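K.L.:
I am sharing work37.tsv, which consists of TSV, C-alpha atoms:
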chain	number	residue	atom	x	y	z
A	691	MET	CA	113.90	76.82	143.86
A	692	LEU	CA	110.37	76.37	142.46
A	693	LYS	CA	110.76	79.23	140.02
A	694	THR	CA	114.07	77.82	138.80
A	695	ALA	CA	112.58	74.34	138.45
A	696	ALA	CA	109.64	75.74	136.49
A	697	ILE	CA	112.04	77.58	134.16
A	698	LEU	CA	114.00	74.35	133.61
A	699	PHE	CA	110.77	72.42	132.94
A	700	GLY	CA	109.71	75.19	130.56
A	701	ILE	CA	112.96	75.09	128.62
A	702	PHE	CA	112.86	71.28	128.48
A	703	PHE	CA	109.31	71.18	127.10
A	704	ILE	CA	109.79	74.04	124.65
A	705	VAL	CA	112.93	72.41	123.26
A	706	ALA	CA	111.12	69.05	123.02
A	707	GLY	CA	108.13	70.69	121.34
A	708	ILE	CA	110.23	72.52	118.78
A	709	GLY	CA	112.54	69.54	118.26
A	710	GLY	CA	109.58	67.34	117.41
A	711	PHE	CA	109.01	69.38	114.26
A	712	PHE	CA	112.49	68.65	112.87
A	713	PRO	CA	112.66	65.45	110.81
A	714	ALA	CA	116.38	65.07	111.53
A	715	LEU	CA	115.56	64.76	115.26
A	716	THR	CA	112.54	62.50	114.74
A	717	PRO	CA	113.56	59.42	112.75
A	718	ASP	CA	110.52	57.16	112.32
A	719	GLY	CA	108.39	59.76	114.14
A	720	LYS	CA	110.36	59.33	117.37
A	721	LEU	CA	112.09	62.30	118.99
A	722	PHE	CA	115.76	61.34	119.38
A	723	GLY	CA	114.72	57.91	118.12
A	724	LEU	CA	112.95	57.17	121.45
A	725	PHE	CA	109.80	59.18	122.10
A	726	MET	CA	106.86	58.95	119.67
A	727	VAL	CA	105.72	62.43	118.65
A	728	ASP	CA	103.34	64.05	116.20
A	729	THR	CA	101.99	67.56	115.71
A	730	ILE	CA	99.52	67.36	118.60
A	731	HIS	CA	102.14	65.89	120.93
A	732	ASN	CA	104.57	68.67	119.97
A	733	LEU	CA	101.93	71.33	120.60
A	734	VAL	CA	101.19	69.84	124.03
A	735	HIS	CA	104.91	70.03	124.84
A	736	LEU	CA	105.03	73.66	123.72
A	737	ALA	CA	101.93	74.55	125.75
A	738	SER	CA	103.36	72.78	128.82
A	739	GLY	CA	106.64	74.67	128.44
A	740	ILE	CA	105.01	78.06	127.92
A	741	ALA	CA	102.75	77.50	130.94
A	742	ALA	CA	105.80	76.59	133.05
A	743	MET	CA	107.63	79.75	132.00
A	744	LEU	CA	104.62	81.99	132.64
A	745	CYS	CA	104.13	80.49	136.09
A	746	ALA	CA	107.84	80.74	136.89
A	747	PHE	CA	107.87	84.44	136.11
A	748	ALA	CA	104.63	84.99	138.03
A	749	GLY	CA	106.26	83.81	141.26
A	750	ALA	CA	106.93	80.85	143.53
A	751	GLY	CA	103.25	80.40	144.38
A	752	ALA	CA	102.28	80.16	140.72
A	753	ALA	CA	105.19	77.79	140.08
A	754	ARG	CA	104.03	75.54	142.95
A	755	LYS	CA	100.46	75.54	141.59
A	756	TYR	CA	101.82	74.71	138.10
A	757	PHE	CA	103.66	71.67	139.48
A	758	GLN	CA	100.61	70.53	141.43
A	759	ILE	CA	98.33	70.71	138.40
A	760	PHE	CA	100.99	69.55	135.96
A	761	GLY	CA	101.86	66.53	138.13
A	762	LEU	CA	98.23	65.45	138.32
A	763	VAL	CA	97.65	65.97	134.59
A	764	TYR	CA	100.79	64.11	133.54
A	765	GLY	CA	99.91	61.33	136.01
A	766	LEU	CA	96.56	61.02	134.24
A	767	VAL	CA	98.33	61.06	130.85
A	768	ALA	CA	100.62	58.25	132.05
A	769	ALA	CA	97.66	56.21	133.30
A	770	LEU	CA	95.86	56.70	130.00
A	771	GLY	CA	99.06	55.69	128.24
A	772	PHE	CA	99.11	52.37	130.07
A	773	TYR	CA	95.47	51.87	129.05
A	774	TYR	CA	96.00	52.76	125.36
A	775	GLN	CA	99.37	50.99	125.12
A	776	ASP	CA	101.00	51.95	121.79
A	777	ASN	CA	97.74	53.17	120.23
A	778	PRO	CA	97.16	56.92	119.86
A	779	LEU	CA	96.30	58.50	123.21
A	780	LEU	CA	92.58	59.38	123.21
A	781	GLY	CA	92.67	58.37	119.56
A	782	MET	CA	94.58	61.49	118.55
A	783	MET	CA	98.09	61.76	120.00
A	784	ALA	CA	101.01	59.47	119.22
A	785	HIS	CA	102.90	57.98	122.12
A	786	ASN	CA	104.77	54.80	123.04
A	787	ARG	CA	105.95	52.95	126.14
A	788	THR	CA	109.01	55.20	126.45
A	789	ASP	CA	106.71	58.25	126.55
A	790	ILE	CA	104.56	56.60	129.21
A	791	TRP	CA	107.49	56.04	131.57
A	792	LEU	CA	108.78	59.57	130.93
A	793	HIS	CA	105.31	60.88	131.81
A	794	VAL	CA	105.40	58.85	135.04
A	795	ALA	CA	108.78	60.39	135.93
A	796	ILE	CA	107.60	63.90	135.04
A	797	SER	CA	104.45	63.42	137.08
A	798	LEU	CA	106.33	62.19	140.16
A	799	ALA	CA	108.89	65.00	139.95
A	800	SER	CA	106.13	67.58	139.49
A	801	LEU	CA	104.05	66.22	142.36
A	802	PHE	CA	107.11	66.32	144.61
A	803	LEU	CA	107.86	69.91	143.60
A	804	GLY	CA	104.23	70.96	143.92
A	805	PHE	CA	103.32	69.29	147.20
A	806	VAL	CA	106.51	68.43	149.11
A	807	ALA	CA	109.46	70.66	148.15
A	808	LYS	CA	110.12	73.74	150.22
A	809	ASP	CA	110.90	76.93	148.34
A	810	ASN	CA	114.12	78.65	149.42
A	811	ALA	CA	112.52	82.06	148.89
A	812	THR	CA	109.82	81.33	151.49
A	813	ALA	CA	111.85	79.12	153.86
Translate the structure of the given file into C-alpha coordinates.
P.N.:
Amino acid sequence: MLKTAAILFGIFFIVAGIGGFFPALTPDGKLFGLFMVDTIHNLVHLASGIAAMLCAFAGAGAARKYFQIFGLVYGLVAALGFYYQDNPLLGMMAHNRTDIWLHVAISLASLFLGFVAKDNATA
(Lines of atoms letter the chains of each structure in order from A and count residues from 1; the text may use other names and numbers.)
(Lines give C-alpha, C1' and ligand atoms only; values in the text may rest on other atoms or scores of the structure.)
Protein backbone atom coordinates (compact mmCIF):
# COMPACT_ATOMS: atom_id res chain seq x y z
CA MET A 1 0.00 0.00 0.00
CA LEU A 2 2.76 2.50 0.89
CA LYS A 3 4.63 1.87 -2.33
CA THR A 4 1.44 2.36 -4.35
CA ALA A 5 0.61 5.54 -2.45
CA ALA A 6 4.12 6.88 -3.05
CA ILE A 7 3.79 6.14 -6.78
CA LEU A 8 0.45 7.98 -6.87
CA PHE A 9 1.95 10.94 -4.98
CA GLY A 10 4.89 10.89 -7.39
CA ILE A 11 2.67 10.93 -10.46
CA PHE A 12 0.51 13.70 -8.97
CA PHE A 13 3.49 15.94 -8.20
CA ILE A 14 5.30 15.29 -11.47
CA VAL A 15 2.15 16.10 -13.45
CA ALA A 16 1.61 19.26 -11.35
CA GLY A 17 5.24 20.28 -11.81
CA ILE A 18 5.19 19.79 -15.56
CA GLY A 19 1.72 21.31 -15.90
CA GLY A 20 2.89 24.47 -14.17
CA PHE A 21 5.16 25.21 -17.11
CA PHE A 22 2.28 25.26 -19.63
CA PRO A 23 0.65 28.69 -19.98
CA ALA A 24 -2.62 27.12 -21.15
CA LEU A 25 -2.89 25.34 -17.76
CA THR A 26 -1.78 28.36 -15.72
CA PRO A 27 -4.02 31.34 -16.50
CA ASP A 28 -2.90 34.31 -14.39
CA GLY A 29 -0.06 32.18 -12.98
CA LYS A 30 -2.48 29.75 -11.33
CA LEU A 31 -2.38 26.05 -12.17
CA PHE A 32 -5.89 25.10 -13.32
CA GLY A 33 -6.87 28.65 -12.36
CA LEU A 34 -6.57 27.77 -8.64
CA PHE A 35 -3.05 27.16 -7.37
CA MET A 36 -0.42 29.91 -7.67
CA VAL A 37 2.74 28.56 -9.29
CA ASP A 38 6.03 29.83 -10.63
CA THR A 39 9.27 28.21 -11.76
CA ILE A 40 10.52 27.49 -8.23
CA HIS A 41 7.14 26.10 -7.16
CA ASN A 42 7.09 23.85 -10.25
CA LEU A 43 10.61 22.60 -9.52
CA VAL A 44 9.63 21.81 -5.93
CA HIS A 45 6.68 19.78 -7.25
CA LEU A 46 8.97 17.91 -9.65
CA ALA A 47 11.52 17.20 -6.90
CA SER A 48 8.75 16.00 -4.56
CA GLY A 49 7.39 13.70 -7.25
CA ILE A 50 10.78 12.28 -8.22
CA ALA A 51 11.62 11.65 -4.55
CA ALA A 52 8.29 9.85 -4.10
CA MET A 53 8.95 7.62 -7.11
CA LEU A 54 12.50 6.80 -6.02
CA CYS A 55 11.32 5.89 -2.53
CA ALA A 56 8.41 3.85 -3.88
CA PHE A 57 10.74 1.75 -5.99
CA ALA A 58 13.23 1.39 -3.13
CA GLY A 59 10.62 -0.38 -1.01
CA ALA A 60 7.89 0.02 1.60
CA GLY A 61 10.33 1.18 4.28
CA ALA A 62 11.66 3.96 2.07
CA ALA A 63 8.11 4.91 1.09
CA ARG A 64 7.12 5.15 4.78
CA LYS A 65 10.17 7.32 5.53
CA TYR A 66 9.29 9.53 2.52
CA PHE A 67 5.78 10.10 3.88
CA GLN A 68 7.10 10.83 7.37
CA ILE A 69 9.57 13.43 6.13
CA PHE A 70 7.29 14.74 3.40
CA GLY A 71 4.39 15.17 5.85
CA LEU A 72 6.54 17.16 8.25
CA VAL A 73 8.03 19.31 5.49
CA TYR A 74 4.68 20.07 3.87
CA GLY A 75 3.23 20.81 7.32
CA LEU A 76 6.01 23.37 7.78
CA VAL A 77 5.31 24.77 4.29
CA ALA A 78 1.62 25.12 5.19
CA ALA A 79 2.47 26.87 8.47
CA LEU A 80 4.81 29.24 6.65
CA GLY A 81 2.05 29.82 4.12
CA PHE A 82 -0.31 30.98 6.84
CA TYR A 83 2.43 33.32 8.08
CA TYR A 84 3.26 34.77 4.64
CA GLN A 85 -0.37 34.89 3.49
CA ASP A 86 -0.42 35.66 -0.26
CA ASN A 87 3.14 36.99 -0.31
CA PRO A 88 5.90 34.84 -1.84
CA LEU A 89 6.86 32.01 0.51
CA LEU A 90 10.28 32.79 2.02
CA GLY A 91 10.33 35.70 -0.40
CA MET A 92 10.89 33.45 -3.40
CA MET A 93 8.03 31.04 -4.16
CA ALA A 94 4.54 32.02 -5.29
CA HIS A 95 1.61 30.56 -3.41
CA ASN A 96 -1.91 31.50 -2.35
CA ARG A 97 -4.53 30.44 0.17
CA THR A 98 -5.65 27.54 -2.04
CA ASP A 99 -2.06 26.23 -2.05
CA ILE A 100 -1.88 26.54 1.73
CA TRP A 101 -4.96 24.37 2.29
CA LEU A 102 -3.74 21.84 -0.28
CA HIS A 103 -0.43 21.69 1.60
CA VAL A 104 -2.34 21.07 4.84
CA ALA A 105 -4.23 18.19 3.20
CA ILE A 106 -1.05 16.74 1.68
CA SER A 107 0.73 17.00 5.02
CA LEU A 108 -2.07 15.26 6.93
CA ALA A 109 -2.36 12.48 4.34
CA SER A 110 1.41 12.01 4.32
CA LEU A 111 1.67 11.97 8.11
CA PHE A 112 -1.10 9.36 8.25
CA LEU A 113 0.66 7.21 5.64
CA GLY A 114 4.04 7.65 7.28
CA PHE A 115 3.13 7.12 10.92
CA VAL A 116 -0.25 5.35 11.13
CA ALA A 117 -1.04 3.29 8.02
CA LYS A 118 -0.13 -0.37 8.01
CA ASP A 119 1.53 -1.71 4.88
CA ASN A 120 -0.17 -4.78 3.40
CA ALA A 121 3.21 -6.22 2.41
CA THR A 122 4.37 -6.30 6.04
CA ALA A 123 1.01 -6.98 7.72
K.L.:
Would you please work out which residue, of A:Gly739, A:Asp728, A:Phe711, A:Leu692, is nearest to Leu779 in chain A when using all atoms listed in the file?
P.N.:
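For Leu779 in chain A, the nearest of the candidates is A:Asp728.
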K.L.:
Could you check which of A:Leu770, A:Leu803, A:Met782, A:Ala695 is closest to Val734 in chain A, using only C-alpha atoms?
P.N.:
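Closest candidate: A:Met782.
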K.L.:
Pick from A:Leu733, A:Met691, A:Ala752, A:Met726: nearest to Ile704 in chain A, with only C-alpha atoms counted?
P.N.:
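Ranked by minimum distance to Ile704 in chain A, first place goes to A:Leu733.
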K.L.:
Counting all atoms listed in the file, find residues at most 8 Å from (93.1, 57.5, 126.5) (file frame) and give them as an NGL selection string.
P.N.:
:A and (767 or 770-771 or 773-774 or 778-781)
K.L.:
Considering all atoms listed in the file, can you say which of A:His735, A:His793, A:Arg754, A:Arg787 comes closest to Ala807 in chain A?
P.N.:
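Between A:His735, A:His793, A:Arg754, A:Arg787, the residue approaching Ala807 in chain A most closely is A:Arg754.
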K.L.:
From the list A:Gln758, A:Ala784, A:Asn732, A:Phe772, which residue is nearest Cys745 in chain A when using all atoms listed in the file?
P.N.:
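Among A:Gln758, A:Ala784, A:Asn732, A:Phe772, it is A:Gln758 that comes nearest to Cys745 in chain A.
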K.L.:
Provide range 743-764 of chain A rebuilt to N, CA and C atoms, formatted as a PDB file, in the coordinates of the input.
P.N.:
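So the final result, stored in selection-v7.pdb, reads:
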ATOM      1  N   MET A 743     106.891  78.477 132.001  1.00  0.00           N
ATOM      2  CA  MET A 743     107.630  79.750 132.000  1.00  0.00           C
ATOM      3  C   MET A 743     106.763  80.887 132.555  1.00  0.00           C
ATOM      4  N   LEU A 744     105.508  80.941 132.144  1.00  0.00           N
ATOM      5  CA  LEU A 744     104.620  81.990 132.640  1.00  0.00           C
ATOM      6  C   LEU A 744     104.447  81.895 134.151  1.00  0.00           C
ATOM      7  N   CYS A 745     104.286  80.683 134.647  1.00  0.00           N
ATOM      8  CA  CYS A 745     104.130  80.490 136.090  1.00  0.00           C
ATOM      9  C   CYS A 745     105.428  80.814 136.837  1.00  0.00           C
ATOM     10  N   ALA A 746     106.552  80.442 136.250  1.00  0.00           N
ATOM     11  CA  ALA A 746     107.840  80.740 136.890  1.00  0.00           C
ATOM     12  C   ALA A 746     108.013  82.237 137.065  1.00  0.00           C
ATOM     13  N   PHE A 747     107.672  82.989 136.035  1.00  0.00           N
ATOM     14  CA  PHE A 747     107.870  84.440 136.110  1.00  0.00           C
ATOM     15  C   PHE A 747     106.784  85.126 136.925  1.00  0.00           C
ATOM     16  N   ALA A 748     105.679  84.430 137.193  1.00  0.00           N
ATOM     17  CA  ALA A 748     104.630  84.990 138.030  1.00  0.00           C
ATOM     18  C   ALA A 748     104.962  84.862 139.518  1.00  0.00           C
ATOM     19  N   GLY A 749     105.855  83.942 139.860  1.00  0.00           N
ATOM     20  CA  GLY A 749     106.260  83.810 141.260  1.00  0.00           C
ATOM     21  C   GLY A 749     106.255  82.374 141.740  1.00  0.00           C
ATOM     22  N   ALA A 750     106.799  82.189 142.959  1.00  0.00           N
ATOM     23  CA  ALA A 750     106.930  80.850 143.530  1.00  0.00           C
ATOM     24  C   ALA A 750     105.573  80.195 143.764  1.00  0.00           C
ATOM     25  N   GLY A 751     104.583  80.959 144.153  1.00  0.00           N
ATOM     26  CA  GLY A 751     103.250  80.400 144.380  1.00  0.00           C
ATOM     27  C   GLY A 751     102.645  79.861 143.092  1.00  0.00           C
ATOM     28  N   ALA A 752     102.791  80.612 142.025  1.00  0.00           N
ATOM     29  CA  ALA A 752     102.280  80.160 140.720  1.00  0.00           C
ATOM     30  C   ALA A 752     103.061  78.950 140.232  1.00  0.00           C
ATOM     31  N   ALA A 753     104.370  78.937 140.482  1.00  0.00           N
ATOM     32  CA  ALA A 753     105.190  77.790 140.080  1.00  0.00           C
ATOM     33  C   ALA A 753     104.756  76.547 140.849  1.00  0.00           C
ATOM     34  N   ARG A 754     104.491  76.683 142.152  1.00  0.00           N
ATOM     35  CA  ARG A 754     104.030  75.540 142.950  1.00  0.00           C
ATOM     36  C   ARG A 754     102.689  75.027 142.406  1.00  0.00           C
ATOM     37  N   LYS A 755     101.766  75.935 142.119  1.00  0.00           N
ATOM     38  CA  LYS A 755     100.460  75.540 141.590  1.00  0.00           C
ATOM     39  C   LYS A 755     100.624  74.854 140.230  1.00  0.00           C
ATOM     40  N   TYR A 756     101.531  75.352 139.395  1.00  0.00           N
ATOM     41  CA  TYR A 756     101.820  74.710 138.100  1.00  0.00           C
ATOM     42  C   TYR A 756     102.235  73.263 138.323  1.00  0.00           C
ATOM     43  N   PHE A 757     103.183  73.031 139.241  1.00  0.00           N
ATOM     44  CA  PHE A 757     103.660  71.670 139.480  1.00  0.00           C
ATOM     45  C   PHE A 757     102.556  70.783 140.057  1.00  0.00           C
ATOM     46  N   GLN A 758     101.706  71.329 140.897  1.00  0.00           N
ATOM     47  CA  GLN A 758     100.610  70.530 141.430  1.00  0.00           C
ATOM     48  C   GLN A 758      99.667  70.077 140.314  1.00  0.00           C
ATOM     49  N   ILE A 759      99.254  71.021 139.499  1.00  0.00           N
ATOM     50  CA  ILE A 759      98.330  70.710 138.400  1.00  0.00           C
ATOM     51  C   ILE A 759      99.022  69.846 137.352  1.00  0.00           C
ATOM     52  N   PHE A 760     100.216  70.247 136.984  1.00  0.00           N
ATOM     53  CA  PHE A 760     100.990  69.550 135.960  1.00  0.00           C
ATOM     54  C   PHE A 760     101.259  68.106 136.378  1.00  0.00           C
ATOM     55  N   GLY A 761     101.594  67.885 137.642  1.00  0.00           N
ATOM     56  CA  GLY A 761     101.860  66.530 138.130  1.00  0.00           C
ATOM     57  C   GLY A 761     100.623  65.658 138.054  1.00  0.00           C
ATOM     58  N   LEU A 762      99.483  66.207 138.405  1.00  0.00           N
ATOM     59  CA  LEU A 762      98.230  65.450 138.320  1.00  0.00           C
ATOM     60  C   LEU A 762      97.867  65.158 136.869  1.00  0.00           C
ATOM     61  N   VAL A 763      98.000  66.151 136.004  1.00  0.00           N
ATOM     62  CA  VAL A 763      97.650  65.970 134.590  1.00  0.00           C
ATOM     63  C   VAL A 763      98.574  64.945 133.937  1.00  0.00           C
ATOM     64  N   TYR A 764      99.871  65.063 134.163  1.00  0.00           N
ATOM     65  CA  TYR A 764     100.790  64.110 133.540  1.00  0.00           C
ATOM     66  C   TYR A 764     100.652  62.715 134.159  1.00  0.00           C
TER      67      TYR A 764
END
